[in-house]
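K.L.:
Structure file query.txt (compact mmCIF, C-alpha atoms and all ligand atoms) is given on the next line.
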# COMPACT_ATOMS: atom_id res chain seq x y z
CA MET A 1 101.26 136.65 110.08
CA SER A 2 103.82 137.76 112.67
CA VAL A 3 103.00 140.77 114.87
CA GLN A 4 105.96 142.70 113.42
CA ARG A 5 104.72 142.11 109.86
CA TRP A 6 101.16 143.12 110.79
CA VAL A 7 102.35 146.36 112.37
CA LEU A 8 104.49 147.09 109.28
CA LEU A 9 101.53 146.50 106.95
CA ARG A 10 99.37 148.88 109.06
CA HIS A 11 102.05 151.58 108.75
CA VAL A 12 102.25 151.09 104.97
CA SER A 13 98.45 151.33 104.63
CA ALA A 14 98.42 154.56 106.68
CA ALA A 15 101.33 156.05 104.69
CA PHE A 16 99.69 155.36 101.30
CA PRO A 17 95.95 156.08 101.52
CA SER A 18 93.95 155.13 98.42
CA SER A 19 94.73 157.09 95.20
CA PRO A 20 96.07 155.65 91.90
CA SER A 21 99.68 156.84 92.40
CA SER A 22 99.82 156.00 96.08
CA ARG A 23 98.33 152.57 95.30
CA SER A 24 101.27 151.83 93.00
CA CYS A 25 103.78 152.95 95.70
CA ARG A 26 101.92 150.87 98.21
CA THR A 27 102.05 147.77 95.97
CA HIS A 28 105.78 148.32 95.51
CA VAL A 29 106.44 148.67 99.25
CA LEU A 30 104.26 145.66 100.08
CA GLY A 31 106.16 143.65 97.45
CA SER A 32 109.45 144.60 99.10
CA ILE A 33 108.14 143.62 102.54
CA ARG A 34 106.98 140.28 101.18
CA SER A 35 110.31 139.55 99.53
CA ALA A 36 112.16 140.57 102.72
CA ALA A 37 109.99 138.09 104.65
CA VAL A 38 110.76 135.33 102.12
CA ASN A 39 114.51 136.08 102.35
CA MET A 40 114.33 135.98 106.13
CA ALA A 41 112.59 132.58 106.08
CA GLU A 42 115.13 131.20 103.57
CA GLU A 43 118.02 132.40 105.76
CA ALA A 44 116.35 130.78 108.76
CA LYS A 45 115.98 127.46 106.93
CA LYS A 46 119.63 127.56 105.91
CA ARG A 47 120.87 128.28 109.43
CA ALA A 48 118.77 125.47 110.93
CA ALA A 49 119.94 123.02 108.25
CA TYR A 50 123.64 123.88 108.58
CA CYS A 51 123.49 123.68 112.37
CA ALA A 52 121.74 120.28 112.29
CA VAL A 53 124.22 118.80 109.79
CA ASP A 54 127.22 120.14 111.73
CA SER A 55 125.92 118.83 115.05
CA ASN A 56 124.60 115.42 113.99
CA VAL A 57 126.60 114.02 111.06
CA GLN A 58 129.92 112.24 111.58
CA ASN A 59 132.29 110.18 109.48
CA ASN A 60 131.20 106.65 108.43
CA GLN A 61 127.50 107.26 108.92
CA VAL A 62 124.41 106.32 106.97
CA VAL A 63 122.24 109.44 106.68
CA GLY A 64 118.54 109.68 105.76
CA VAL A 65 117.84 112.64 103.49
CA GLY A 66 114.39 114.23 103.80
CA SER A 67 112.32 116.18 101.26
CA GLY A 68 111.16 119.76 100.78
CA SER A 69 112.86 123.13 100.49
CA THR A 70 114.71 123.19 103.84
CA ILE A 71 116.49 119.91 103.18
CA VAL A 72 118.15 121.46 100.11
CA TYR A 73 120.32 123.53 102.47
CA ALA A 74 121.15 120.43 104.54
CA VAL A 75 122.33 118.55 101.44
CA ASP A 76 124.41 121.60 100.37
CA ARG A 77 126.15 121.54 103.75
CA LEU A 78 126.52 117.75 103.77
CA ALA A 79 128.20 117.84 100.36
CA GLU A 80 130.47 120.68 101.51
CA ARG A 81 131.55 118.71 104.57
CA VAL A 82 132.06 115.49 102.60
CA ARG A 83 134.36 117.43 100.21
CA GLU A 84 136.26 119.41 102.82
CA GLU A 85 136.54 116.80 105.57
CA LYS A 86 136.74 113.78 103.23
CA LEU A 87 133.85 112.13 105.09
CA ASN A 88 132.63 108.69 104.15
CA ILE A 89 128.83 109.15 104.16
CA VAL A 90 126.10 107.05 102.58
CA CYS A 91 122.71 108.69 101.89
CA VAL A 92 119.26 107.11 101.84
CA PRO A 93 116.59 109.28 100.14
CA THR A 94 112.97 109.79 101.24
CA SER A 95 111.61 110.76 97.81
CA PHE A 96 112.40 111.22 94.13
CA GLN A 97 113.42 114.80 94.97
CA ALA A 98 115.83 113.63 97.70
CA ARG A 99 117.34 111.03 95.36
CA GLN A 100 117.98 113.74 92.77
CA LEU A 101 119.53 116.04 95.37
CA ILE A 102 121.90 113.28 96.50
CA LEU A 103 122.96 112.51 92.92
CA GLN A 104 123.28 116.18 91.90
CA HIS A 105 125.58 116.82 94.88
CA GLY A 106 127.78 113.81 94.04
CA LEU A 107 126.93 112.08 97.33
CA THR A 108 126.80 108.28 97.72
CA LEU A 109 123.27 107.01 97.09
CA SER A 110 121.93 103.93 98.85
CA ASP A 111 118.57 102.45 99.85
CA LEU A 112 116.93 100.47 102.64
CA GLU A 113 117.80 97.13 101.03
CA ARG A 114 121.51 97.83 101.40
CA HIS A 115 121.25 100.03 104.51
CA PRO A 116 118.14 99.11 106.53
CA GLU A 117 119.55 100.79 109.63
CA LEU A 118 120.47 104.47 109.49
CA ASP A 119 122.54 106.46 111.97
CA VAL A 120 120.60 109.68 111.53
CA ALA A 121 117.78 111.05 109.37
CA ILE A 122 117.36 114.78 108.75
CA ASP A 123 114.10 116.14 107.39
CA GLY A 124 111.89 119.24 107.27
CA ALA A 125 108.39 119.56 108.76
CA ASP A 126 105.26 121.60 108.21
CA GLU A 127 104.69 122.08 111.93
CA VAL A 128 106.46 121.02 115.13
CA ASP A 129 104.70 121.14 118.50
CA ALA A 130 106.08 121.60 122.00
CA GLU A 131 106.62 117.84 122.43
CA LEU A 132 108.09 117.37 118.95
CA ALA A 133 104.99 115.84 117.38
CA LEU A 134 105.08 116.79 113.70
CA ILE A 135 102.83 117.37 110.74
CA LYS A 136 104.67 116.34 107.58
CA GLY A 137 103.69 115.73 103.99
CA GLY A 138 103.22 119.26 102.68
CA GLY A 139 105.36 118.06 99.78
CA GLY A 140 103.50 114.73 99.58
CA CYS A 141 106.47 112.53 100.58
CA LEU A 142 105.26 111.51 104.04
CA THR A 143 105.23 107.73 103.56
CA GLN A 144 108.84 107.29 102.53
CA GLU A 145 109.84 109.99 105.01
CA LYS A 146 108.21 108.06 107.85
CA ILE A 147 109.77 104.77 106.77
CA VAL A 148 113.26 106.27 106.63
CA ALA A 149 112.81 108.13 109.95
CA GLY A 150 111.56 104.88 111.51
CA CYS A 151 114.74 103.08 110.39
CA SER A 152 117.01 105.75 111.91
CA LYS A 153 118.60 105.68 115.33
CA TYR A 154 118.24 109.45 115.51
CA PHE A 155 115.71 111.66 113.73
CA VAL A 156 116.40 115.38 113.46
CA VAL A 157 113.96 118.01 112.17
CA ILE A 158 114.99 121.27 110.51
CA ALA A 159 112.62 124.19 110.05
CA ASP A 160 112.24 127.95 110.11
CA TYR A 161 110.45 129.93 112.85
CA ARG A 162 107.07 129.68 111.06
CA LYS A 163 106.86 125.95 111.85
CA ASP A 164 107.49 126.32 115.59
CA SER A 165 104.24 125.77 117.46
CA GLU A 166 102.81 125.02 120.91
CA ALA A 167 100.13 122.71 119.51
CA LEU A 168 99.56 121.26 116.04
CA GLY A 169 97.20 123.39 113.96
CA GLN A 170 98.33 126.73 115.42
CA GLN A 171 100.69 127.52 112.54
CA TRP A 172 99.94 125.00 109.78
CA LYS A 173 96.43 125.53 108.43
CA LYS A 174 96.42 123.06 105.52
CA GLY A 175 95.64 120.03 107.66
CA VAL A 176 97.19 116.61 108.11
CA PRO A 177 98.26 114.95 104.84
CA ILE A 178 97.18 111.32 104.49
CA GLU A 179 98.38 109.07 101.67
CA VAL A 180 95.66 106.75 100.34
CA ILE A 181 95.24 104.06 97.71
CA PRO A 182 93.44 105.90 94.85
CA MET A 183 90.32 103.65 94.74
CA ALA A 184 89.69 104.31 98.45
CA TYR A 185 89.90 108.10 98.59
CA VAL A 186 86.13 108.70 98.92
CA PRO A 187 85.37 106.13 101.67
CA VAL A 188 88.51 107.08 103.59
CA SER A 189 87.60 110.80 103.39
CA ARG A 190 84.07 110.09 104.66
CA MET A 191 85.25 107.89 107.51
CA ILE A 192 87.80 110.43 108.75
CA ALA A 193 85.29 113.32 108.64
CA LYS A 194 82.61 111.24 110.36
CA ARG A 195 84.87 109.95 113.10
CA PHE A 196 87.11 112.93 113.79
CA GLY A 197 85.20 115.91 112.36
CA GLY A 198 86.68 118.63 110.18
CA GLU A 199 87.00 118.61 106.41
CA VAL A 200 88.88 116.23 104.13
CA ASN A 201 90.00 117.28 100.65
CA LEU A 202 91.69 115.43 97.84
CA ARG A 203 94.90 117.33 97.06
CA MET A 204 94.79 118.62 93.49
CA ALA A 205 97.86 119.13 91.30
CA VAL A 206 98.87 122.63 90.22
CA SER A 207 100.54 122.12 86.83
CA LYS A 208 98.58 119.01 85.89
CA ALA A 209 94.87 118.31 85.60
CA GLY A 210 93.57 116.08 88.38
CA PRO A 211 94.98 115.00 91.75
CA VAL A 212 98.54 114.97 93.06
CA VAL A 213 100.02 111.50 92.53
CA THR A 214 102.70 110.54 95.06
CA ASP A 215 106.07 108.85 94.45
CA ASN A 216 104.23 105.63 95.37
CA SER A 217 101.45 106.24 92.80
CA ASN A 218 98.86 107.08 95.46
CA PHE A 219 96.66 110.11 96.28
CA ILE A 220 96.95 112.59 99.16
CA LEU A 221 94.06 113.71 101.34
CA ASP A 222 94.41 116.86 103.46
CA TRP A 223 92.43 116.59 106.67
CA LYS A 224 91.63 120.01 108.17
CA PHE A 225 90.92 119.09 111.76
CA GLU A 226 88.85 121.30 114.04
CA ARG A 227 90.55 120.86 117.39
CA ALA A 228 93.63 119.48 119.13
CA GLN A 229 93.49 115.73 119.63
CA ASN A 230 95.50 112.92 121.11
CA TRP A 231 97.68 112.67 118.02
CA ARG A 232 99.16 109.28 118.84
CA GLU A 233 95.67 107.74 119.08
CA VAL A 234 94.38 109.57 116.02
CA ASN A 235 97.38 108.44 113.99
CA THR A 236 96.80 104.80 114.96
CA ALA A 237 93.05 105.00 114.31
CA ILE A 238 93.46 106.57 110.85
CA LYS A 239 96.08 104.00 109.90
CA MET A 240 93.57 101.24 110.67
CA ILE A 241 91.14 102.49 107.98
CA PRO A 242 91.40 100.23 104.91
CA GLY A 243 92.98 102.15 102.05
CA VAL A 244 95.13 104.41 104.23
CA VAL A 245 98.82 104.02 103.43
CA GLU A 246 100.29 106.47 105.95
CA THR A 247 99.56 109.68 107.82
CA GLY A 248 101.64 112.84 108.09
CA LEU A 249 101.44 112.69 111.90
CA PHE A 250 104.90 111.86 113.24
CA VAL A 251 104.43 111.25 116.97
CA ASN A 252 107.34 110.28 119.26
CA MET A 253 109.68 109.96 116.32
CA ALA A 254 111.86 113.09 116.33
CA GLN A 255 114.59 113.45 118.95
CA GLN A 256 115.59 117.01 118.11
CA ALA A 257 114.31 120.00 116.16
CA TYR A 258 116.42 122.92 114.91
CA PHE A 259 114.51 126.14 114.20
CA GLY A 260 116.13 129.03 112.37
CA MET A 261 114.73 132.12 114.12
CA GLU A 262 113.90 135.62 112.90
CA ASP A 263 116.76 137.15 114.94
CA GLY A 264 119.37 134.95 113.23
CA SER A 265 119.74 132.44 116.07
CA VAL A 266 119.01 128.71 115.93
CA LYS A 267 116.70 127.32 118.59
CA VAL A 268 117.12 123.63 119.48
CA ARG A 269 114.26 121.66 121.01
CA LYS A 270 114.73 118.16 122.39
CA ALA A 271 112.01 115.56 122.72
CA PRO A 272 110.67 115.01 126.24
CA ILE A 273 112.19 111.96 127.94
CA SER A 274 109.72 109.10 127.48
CA GLU A 275 108.94 106.74 130.38
C1 LIG B 1 107.43 116.78 102.41
C2 LIG B 1 107.62 117.23 103.80
C3 LIG B 1 108.51 118.41 104.02
O1 LIG B 1 109.57 118.03 104.83
C4 LIG B 1 107.69 119.50 104.65
O2 LIG B 1 106.61 119.79 103.81
C5 LIG B 1 108.52 120.76 104.88
O3 LIG B 1 108.91 121.30 103.66
P1 LIG B 1 109.72 122.67 103.55
O4 LIG B 1 111.09 122.39 104.05
O5 LIG B 1 109.67 123.00 102.09
O6 LIG B 1 108.99 123.67 104.39
O7 LIG B 1 107.11 116.70 104.74
O8 LIG B 1 106.55 115.71 102.36
Just dump the structure as C-alpha cells.
P.N.:
Amino acid sequence: MSVQRWVLLRHVSAAFPSSPSSRSCRTHVLGSIRSAAVNMAEEAKKRAAYCAVDSNVQNNQVVGVGSGSTIVYAVDRLAERVREEKLNIVCVPTSFQARQLILQHGLTLSDLERHPELDVAIDGADEVDAELALIKGGGGCLTQEKIVAGCSKYFVVIADYRKDSEALGQQWKKGVPIEVIPMAYVPVSRMIAKRFGGEVNLRMAVSKAGPVVTDNSNFILDWKFERAQNWREVNTAIKMIPGVVETGLFVNMAQQAYFGMEDGSVKVRKAPISE
C-alpha cells in the first residue's frame, strides 16, 4: 500500500469511529478510495502503453504483442496508429488472449513460422527491478512471452507504478511463476523448495475446479522465494530441472521499461549497458 493511501485510510478510520451508521459511511468512503486507486492504476497503464507504442513502433515492423491488462491499451494505440497513419504492421501474439486482441482490433496476425525475427516486442510485467530484471507470468503466459521476447531485436516493458521496484520481491508478493509439465509438478515443487527455500504452490483456477492450465496445456507453480538471489543463476538452475518448461524470470531481456506514474508522468528506465 502506498504511503498516501495508508495516510488516507487512517484519516477515514478516525473520521468514522465504530457505530452502525458510521460503519456504513466508512465502507462507502473506503469503496470510493479503492475505486479511485484502481482508476489511477488504469490511467497509469494506459499512459505507459501509449508512450511505448508511440516511441517504439514504426512503419513496416513486425511487433510482438504481450499478454495481460496493460497490453490491451498498447493494442488500442497500435490499432489507432495503424488506422490513422496507414502503417503496415504485422503482429505476433504471446498467448490466446493476445491473438484475440490482434484479431478484434483488425490488426495483421502472424506467427513465428512466418516471422521468426521481430523488430520489437511490447509486454507487461508483474515486477521490474532496477536493472530491468522482470517477474512475468501473473497471467500464466510466460513461456510464449519469453519465446517472443527472445525473438525480438528490442523488448519493451509497460507497467504502472506498482510494478516499479528496486529488487524483485519488494512489490510482487505472489512469487515467481514457473510453467511445468503436469506429471512433474510435485517433484519440481519439492526440488525448488529444497534447493532455493521458500514455498511452492500449484496455481489453482478461479472459475474452474482444479489447477490453471496454460495455453500450452501445462500447469503453473508459484514459487514464493524468501530472499533476493542471483536471478540469472536461479533462472538457469530451475530450467535444468526435468519437467520445467520455463520460468517467469526475464533476466537481461528487456531494453526499456515505461512506467505510468501516480502523478500522470511516464518514467522510462533503460537497461544497464552490458559488458
Ligand atoms: C502474463 C504476464 C503479464 O504481462 C503480467 O502478468 C502483467 O499483467 P498486467 O498488465 O495485467 O498487470 O506476464 O503472463
K.L.:
Smallest atom-to-atom distance to ligand LIG 1 (chain B): which of A:Gly248, A:Pro272, A:Pro116, A:Gly169, using only C-alpha atoms and all ligand atoms?
P.N.:
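Of A:Gly248, A:Pro272, A:Pro116, A:Gly169, the one nearest ligand LIG 1 (chain B) is A:Gly248, counting only C-alpha atoms and all ligand atoms.
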K.L.:
Each residue of chain A lying at most 8 Å from ligand LIG 1 (chain B) should get a row with its shortest atom-to-atom pair and the distance in Å to one decimal, counting all atoms listed in the file; could you produce that, ordered by chain and increasing number, as a tab-separated table?
P.N.:
residue	atom	partner	partner_atom	distance
A:Lys45	CA	B:LIG1	O4	7.6
A:Gly66	CA	B:LIG1	O1	6.2
A:Ser67	CA	B:LIG1	O1	4.9
A:Gly68	CA	B:LIG1	O5	3.8
A:Ser69	CA	B:LIG1	O5	3.6
A:Thr70	CA	B:LIG1	O4	3.7
A:Ile71	CA	B:LIG1	O4	6.0
A:Asp123	CA	B:LIG1	O1	5.5
A:Gly124	CA	B:LIG1	O1	3.6
A:Ala125	CA	B:LIG1	C5	4.1
A:Asp126	CA	B:LIG1	C5	4.7
A:Ile135	CA	B:LIG1	O7	7.4
A:Lys136	CA	B:LIG1	O7	3.8
A:Gly137	CA	B:LIG1	O8	3.3
A:Gly138	CA	B:LIG1	O2	3.6
A:Gly139	CA	B:LIG1	C1	3.6
A:Gly140	CA	B:LIG1	O8	4.2
A:Cys141	CA	B:LIG1	O8	3.6
A:Leu142	CA	B:LIG1	O8	4.7
A:Glu145	CA	B:LIG1	O8	7.1
A:Ile158	CA	B:LIG1	O4	7.6
A:Ala159	CA	B:LIG1	O4	6.4
A:Asp160	CA	B:LIG1	O6	7.8
A:Gly248	CA	B:LIG1	O7	7.5
K.L.:
Please report the interatomic distance between CA of Val213 (chain A) and CA of Met240 (chain A) in Å with one decimal.
P.N.:
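Separation of CA of Val213 (chain A) and CA of Met240 (chain A): 21.8 Å.
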K.L.:
Hey, what's within 9 Å of Gly64 (chain A) if we count only C-alpha atoms and toss same-chain stuff fewer than 3 positions away? As a list in words, please?
P.N.:
Val90, Cys91, Val92, Pro93, Thr94, Leu118, Asp119, Val120, Ala121, Ile122, Asp123, Glu145, Val148, Ala149, Cys151, Ser152 and Phe155 of chain A
K.L.:
Those same residues - C-alpha atoms - I'd like them written as a CSV table (one decimal), keeping the file's coordinate frame.
P.N.:
chain,number,residue,atom,x,y,z
A,90,VAL,CA,126.1,107.0,102.6
A,91,CYS,CA,122.7,108.7,101.9
A,92,VAL,CA,119.3,107.1,101.8
A,93,PRO,CA,116.6,109.3,100.1
A,94,THR,CA,113.0,109.8,101.2
A,118,LEU,CA,120.5,104.5,109.5
A,119,ASP,CA,122.5,106.5,112.0
A,120,VAL,CA,120.6,109.7,111.5
A,121,ALA,CA,117.8,111.0,109.4
A,122,ILE,CA,117.4,114.8,108.8
A,123,ASP,CA,114.1,116.1,107.4
A,145,GLU,CA,109.8,110.0,105.0
A,148,VAL,CA,113.3,106.3,106.6
A,149,ALA,CA,112.8,108.1,110.0
A,151,CYS,CA,114.7,103.1,110.4
A,152,SER,CA,117.0,105.8,111.9
A,155,PHE,CA,115.7,111.7,113.7
K.L.:
Counting all atoms listed in the file, write as a short mmCIF file (atom, residue, chain, number, x, y, z; two decimals) with C-alpha atoms, in the frame of the given file all protein and nucleic acid residues lying at most 12 Å from (88.4, 118.9, 108.9) in the file's frame.
P.N.:
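File written: part.cif
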data_model
loop_
_atom_site.label_atom_id
_atom_site.label_comp_id
_atom_site.auth_asym_id
_atom_site.auth_seq_id
_atom_site.Cartn_x
_atom_site.Cartn_y
_atom_site.Cartn_z
CA GLY A 169 97.20 123.39 113.96
CA LYS A 173 96.43 125.53 108.43
CA LYS A 174 96.42 123.06 105.52
CA GLY A 175 95.64 120.03 107.66
CA VAL A 176 97.19 116.61 108.11
CA PRO A 177 98.26 114.95 104.84
CA SER A 189 87.60 110.80 103.39
CA ARG A 190 84.07 110.09 104.66
CA MET A 191 85.25 107.89 107.51
CA ILE A 192 87.80 110.43 108.75
CA ALA A 193 85.29 113.32 108.64
CA LYS A 194 82.61 111.24 110.36
CA ARG A 195 84.87 109.95 113.10
CA PHE A 196 87.11 112.93 113.79
CA GLY A 197 85.20 115.91 112.36
CA GLY A 198 86.68 118.63 110.18
CA GLU A 199 87.00 118.61 106.41
CA VAL A 200 88.88 116.23 104.13
CA ASN A 201 90.00 117.28 100.65
CA LEU A 221 94.06 113.71 101.34
CA ASP A 222 94.41 116.86 103.46
CA TRP A 223 92.43 116.59 106.67
CA LYS A 224 91.63 120.01 108.17
CA PHE A 225 90.92 119.09 111.76
CA GLU A 226 88.85 121.30 114.04
CA ARG A 227 90.55 120.86 117.39
CA ALA A 228 93.63 119.48 119.13
#
K.L.:
Mind giving me the straight-line distance from CA of Tyr154 (chain A) to CA of Arg99 (chain A) in Å, one decimal?
P.N.:
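Interatomic distance, CA of Tyr154 (chain A) to CA of Arg99 (chain A): 20.2 Å.
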K.L.:
From the set A:Ala271, A:Glu262, A:Ala48, A:Val206, which residue has the shortest atom-to-atom contact distance to Ala36 (chain A), counting all atoms listed in the file?
P.N.:
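Looking only at the distances to Ala36 (chain A), the closest residue turns out to be A:Glu262.
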K.L.:
Report the distance between CA of Gln58 (chain A) and CA of Val268 (chain A) in Å, rounded to one decimal place.
P.N.:
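So the answer is 18.9 Å.
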K.L.:
Counting only C-alpha atoms, which residues sit no farther than 10 Å from the position (124.8, 117.7, 112.0) in the file's frame? I'd like them as a PyMOL selection string.
P.N.:
chain A and resi 48-58+74+77-78+120+122+156
K.L.:
With C-alpha atoms kept, could you save the residues just selected as a short mmCIF file (atom, residue, chain, number, x, y, z; two decimals), in the coordinates of the input?
P.N.:
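Written out: part.cif:
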data_model
loop_
_atom_site.label_atom_id
_atom_site.label_comp_id
_atom_site.auth_asym_id
_atom_site.auth_seq_id
_atom_site.Cartn_x
_atom_site.Cartn_y
_atom_site.Cartn_z
CA ALA A 48 118.77 125.47 110.93
CA ALA A 49 119.94 123.02 108.25
CA TYR A 50 123.64 123.88 108.58
CA CYS A 51 123.49 123.68 112.37
CA ALA A 52 121.74 120.28 112.29
CA VAL A 53 124.22 118.80 109.79
CA ASP A 54 127.22 120.14 111.73
CA SER A 55 125.92 118.83 115.05
CA ASN A 56 124.60 115.42 113.99
CA VAL A 57 126.60 114.02 111.06
CA GLN A 58 129.92 112.24 111.58
CA ALA A 74 121.15 120.43 104.54
CA ARG A 77 126.15 121.54 103.75
CA LEU A 78 126.52 117.75 103.77
CA VAL A 120 120.60 109.68 111.53
CA ILE A 122 117.36 114.78 108.75
CA VAL A 156 116.40 115.38 113.46
#
K.L.:
Here is a test: counting all atoms listed in the file, which residue of A:Asn230, A:Thr236, A:Ser217, A:Gln104 is nearest to Asp76 (chain A)?
P.N.:
A:Gln104
K.L.:
For each of A:Ala209, A:Ala257, A:Val186, A:Ile220, take the minimum atom-to-atom distance to Pro242 (chain A), counting only C-alpha atoms, then give the residue where this is smallest.
P.N.:
A:Val186
K.L.:
Using all atoms listed in the file, which of the listed residues (A:Val244, A:Arg203, A:Val72, A:Lys46) sits closest to Leu101 (chain A)?
P.N.:
A:Val72
